[in-house]
file run.csv (CSV, C-alpha atoms)
chain,number,residue,atom,x,y,z
A,11,GLU,CA,40.7,-0.8,-37.7
A,12,SER,CA,40.2,2.0,-35.1
A,13,ARG,CA,38.1,4.0,-37.5
A,14,GLU,CA,35.9,1.0,-38.4
A,15,ARG,CA,35.3,0.3,-34.6
A,16,TYR,CA,34.5,4.0,-34.0
A,17,LEU,CA,32.1,4.1,-36.9
A,18,LYS,CA,30.4,0.9,-35.7
A,19,LEU,CA,30.1,2.4,-32.2
A,20,GLU,CA,28.7,5.6,-33.6
A,21,GLU,CA,26.1,3.6,-35.5
A,22,LEU,CA,25.1,1.6,-32.5
A,23,LEU,CA,24.8,4.6,-30.3
A,24,ALA,CA,22.8,6.5,-33.0
A,25,THR,CA,20.4,3.6,-33.1
A,26,HIS,CA,20.2,3.5,-29.3
A,27,TYR,CA,19.5,7.2,-28.9
A,28,THR,CA,16.9,7.2,-31.7
A,29,THR,CA,14.8,4.9,-29.5
A,30,TYR,CA,14.1,7.8,-27.2
A,31,GLU,CA,10.9,9.8,-27.7
A,32,HIS,CA,10.3,13.1,-26.1
A,33,GLU,CA,6.7,14.1,-25.6
A,34,VAL,CA,5.7,17.8,-25.9
A,35,GLU,CA,2.2,19.2,-25.4
A,36,TRP,CA,1.2,18.6,-29.0
A,37,THR,CA,3.2,15.6,-30.2
A,38,LYS,CA,6.0,13.1,-29.6
A,39,LEU,CA,9.4,13.6,-31.2
A,40,THR,CA,11.9,10.9,-31.8
A,41,LEU,CA,15.5,11.9,-31.0
A,42,ASN,CA,17.9,12.0,-33.9
A,43,GLY,CA,20.8,9.9,-32.7
A,44,ILE,CA,22.7,10.5,-36.0
A,45,ILE,CA,23.2,14.2,-35.4
A,46,THR,CA,24.1,13.7,-31.7
A,47,SER,CA,26.3,10.6,-31.9
A,48,SER,CA,29.6,12.4,-31.6
A,49,GLU,CA,28.5,14.3,-28.6
A,50,ASP,CA,26.9,11.2,-27.1
A,51,ILE,CA,30.2,9.4,-27.5
A,52,ALA,CA,32.0,12.3,-25.8
A,53,ASP,CA,29.5,12.2,-22.9
A,54,ILE,CA,30.2,8.5,-22.3
A,55,ALA,CA,33.9,8.9,-22.6
A,56,GLY,CA,33.9,11.9,-20.3
A,57,ILE,CA,32.0,10.2,-17.6
A,58,THR,CA,34.2,7.1,-17.8
A,59,LEU,CA,37.4,9.1,-17.7
A,60,SER,CA,36.1,11.3,-14.9
A,61,LEU,CA,35.3,8.3,-12.8
A,62,ARG,CA,38.9,7.0,-13.3
A,63,ALA,CA,40.2,10.4,-12.2
A,64,TYR,CA,37.8,10.4,-9.2
A,65,ARG,CA,39.1,7.0,-8.2
A,66,LEU,CA,42.7,8.2,-8.3
A,67,PHE,CA,41.7,11.3,-6.3
A,68,ILE,CA,40.2,9.2,-3.5
A,69,LYS,CA,43.2,6.9,-3.5
A,70,ASP,CA,45.7,9.8,-3.4
A,71,MET,CA,43.8,11.6,-0.7
A,72,GLY,CA,43.9,8.4,1.5
A,73,GLN,CA,40.3,8.7,2.3
A,74,SER,CA,37.8,5.9,1.8
A,75,GLU,CA,34.7,8.0,1.7
A,76,PHE,CA,33.5,11.6,1.1
A,77,ALA,CA,30.1,12.3,2.5
A,78,LEU,CA,27.8,14.6,0.5
A,79,PRO,CA,25.3,16.7,2.3
A,80,ALA,CA,21.6,16.0,1.7
A,81,VAL,CA,22.3,12.7,-0.2
A,82,ASN,CA,20.7,9.7,1.4
A,83,LEU,CA,21.4,6.4,-0.3
A,84,ASN,CA,18.8,3.9,0.9
A,85,ARG,CA,20.7,1.0,-0.4
A,86,GLU,CA,23.5,-0.6,1.6
A,87,PHE,CA,26.7,-0.7,-0.4
A,88,VAL,CA,29.3,-3.4,0.2
A,89,ALA,CA,32.3,-1.1,0.3
A,90,ASN,CA,33.0,2.6,0.7
A,91,GLN,CA,34.3,2.6,-2.9
A,92,GLU,CA,30.8,1.7,-4.1
A,93,ARG,CA,29.3,4.5,-2.1
A,94,ASN,CA,31.8,7.0,-3.5
A,95,GLU,CA,31.0,5.9,-7.0
A,96,ALA,CA,27.2,6.1,-6.3
A,97,TYR,CA,27.8,9.7,-5.2
A,98,PHE,CA,29.8,10.3,-8.4
A,99,TYR,CA,26.9,9.2,-10.6
A,100,ILE,CA,24.4,11.1,-8.6
A,101,SER,CA,26.4,14.3,-9.0
A,102,PHE,CA,26.3,13.7,-12.8
A,103,ALA,CA,22.6,13.2,-12.7
A,104,GLN,CA,22.1,16.4,-10.8
A,105,LEU,CA,24.1,18.2,-13.4
A,106,MET,CA,21.6,17.1,-16.0
A,107,CYS,CA,18.5,18.0,-14.0
A,108,SER,CA,16.5,20.6,-15.9
A,109,VAL,CA,13.1,21.4,-17.1
A,110,VAL,CA,12.9,22.9,-20.6
A,111,ALA,CA,10.0,24.5,-22.4
A,112,ASP,CA,8.4,22.5,-25.2
A,113,GLN,CA,9.6,25.0,-27.8
A,114,PHE,CA,13.2,24.6,-26.7
A,115,ALA,CA,12.9,20.8,-26.6
A,116,VAL,CA,11.6,20.8,-30.2
A,117,TRP,CA,14.4,23.2,-31.4
A,118,ASN,CA,17.0,21.1,-29.5
A,119,ILE,CA,15.9,17.8,-31.0
A,120,ILE,CA,15.8,19.2,-34.5
A,121,ASN,CA,19.0,21.3,-34.5
A,122,ASP,CA,21.3,20.7,-31.6
A,123,PRO,CA,24.2,18.2,-31.8
A,124,HIS,CA,23.8,17.7,-28.0
A,125,THR,CA,21.1,15.3,-26.9
A,126,LEU,CA,18.4,16.9,-24.7
A,127,TYR,CA,19.5,16.8,-21.0
A,128,GLN,CA,17.4,13.9,-19.7
A,129,TYR,CA,18.4,11.7,-22.6
A,130,ARG,CA,22.0,12.6,-22.3
A,131,LEU,CA,21.8,11.3,-18.8
A,132,LEU,CA,19.8,8.1,-19.7
A,133,GLY,CA,21.8,7.4,-22.8
A,134,ALA,CA,25.2,7.8,-21.3
A,135,LEU,CA,24.5,5.9,-18.1
A,136,THR,CA,22.8,3.0,-19.8
A,137,ASN,CA,26.0,2.6,-21.9
A,138,ILE,CA,28.3,2.4,-18.8
A,139,ASN,CA,28.1,-1.2,-17.5
A,140,GLU,CA,29.7,-0.2,-14.2
A,141,PHE,CA,26.7,2.1,-13.5
A,142,SER,CA,24.2,-0.7,-14.2
A,143,GLU,CA,26.2,-3.1,-12.0
A,144,LEU,CA,26.6,-0.7,-9.1
A,145,PHE,CA,22.9,0.2,-8.9
A,146,GLN,CA,21.9,-3.4,-9.8
A,147,CYS,CA,19.8,-2.3,-12.8
A,148,PRO,CA,18.2,-5.3,-14.6
A,149,THR,CA,18.9,-5.3,-18.3
A,150,THR,CA,15.2,-5.1,-18.9
A,151,SER,CA,14.8,-1.9,-16.8
A,152,HIS,CA,14.8,1.7,-18.2
A,153,MET,CA,18.4,2.1,-16.7
A,154,GLY,CA,19.7,-1.3,-17.5
A,155,ALA,CA,22.8,-1.7,-19.6
A,156,ALA,CA,22.2,-1.2,-23.3
A,157,ASN,CA,24.9,-3.8,-24.0
A,158,ILE,CA,26.8,-1.7,-26.5
A,159,THR,CA,30.5,-2.7,-26.3
A,160,MET,CA,32.6,0.3,-25.5
A,161,PRO,CA,36.0,0.7,-27.1
A,162,TYR,CA,38.9,-0.9,-25.2
A,163,MET,CA,40.3,2.5,-23.9
A,164,TRP,CA,37.0,3.2,-22.0
A,165,ARG,CA,36.7,-0.1,-20.3
A,166,ARG,CA,37.7,-0.7,-16.8
A,167,ARG,CA,41.1,-2.4,-16.7
A,168,LYS,CA,41.5,-5.5,-14.6
A,169,ARG,CA,44.0,-5.0,-11.8
call {"tool": "encode", "arguments": {"input": "run.csv", "output": "structure tokens"}}
result
Amino acid sequence: ESRERYLKLEELLATHYTTYEHEVEWTKLTLNGIITSSEDIADIAGITLSLRAYRLFIKDMGQSEFALPAVNLNREFVANQERNEAYFYISFAQLMCSVVADQFAVWNIINDPHTLYQYRLLGALTNINEFSELFQCPTTSHMGAANITMPYMWRRRKR
């Protein structure tokens, strides 16, 4: 049963990532979600588990907020926990910030089992409902939830 659920998830994510097109100077390339699906699943799981660890860290430190220099969130967050989690996602986005040459992008899309950076960011975050809820992304927006059901071990547990 677990294997069947994993294969279904892999298929859904491959389909989702294949909707991304990357434009280079001379053409548009469609990402190959089939060759990247295992790494895409790993990205989503890694972010989800890292967020859990971050929440535990904040709780154990007894602090409600950690300020990050040079980060200005224009939106008012209801609670410090929301602000902390916004910082968490912003730090992930900064990790994925890069500019790549067209030749590298073409090589990456054809050969690499890792999705090109900007689509790793978009694909992973649109598959984490907590991100879409936190930043109030409409489902019709570019960053809205992709509505792919994550396996039970990645979902946030009700407390």
call {"tool": "atom_distance", "arguments": {"input": "run.csv", "atom1": "CA of Ala134 (chain A)", "atom2": "CA of His32 (chain A)"}}
result
16.5 Å
call {"tool": "residues_around", "arguments": {"input": "run.csv", "residues": "region 140-146 of chain A", "least_positions_apart": "2", "cutoff": "6 Å", "atoms": "all atoms listed in the file", "output": "list in words"}}
result
Ile138, Gly154 and Ala155 of chain A
call {"tool": "residues_around", "arguments": {"input": "run.csv", "residues": "Tyr127 (chain A)", "least_positions_apart": "3", "cutoff": "7 Å", "atoms": "all atoms listed in the file", "output": "list in words"}}
result
Met106, Arg130 and Leu131 of chain A
call {"tool": "residues_near_point", "arguments": {"input": "run.csv", "point": "(8.3, 10.4, -25.6)", "cutoff": "12 Å", "atoms": "all atoms listed in the file", "output": "JSON, numbers by chain"}}
result
{"A": [28, 29, 30, 31, 32, 33, 34, 35, 36, 37, 38, 39, 40, 41, 115, 116, 119, 128, 129]}
call {"tool": "closest_residue", "arguments": {"input": "run.csv", "among": "A:Asn94, A:Ser60, A:Thr149, A:Asn137", "to": "Leu19 (chain A)", "atoms": "all atoms listed in the file"}}
result
A:Asn137
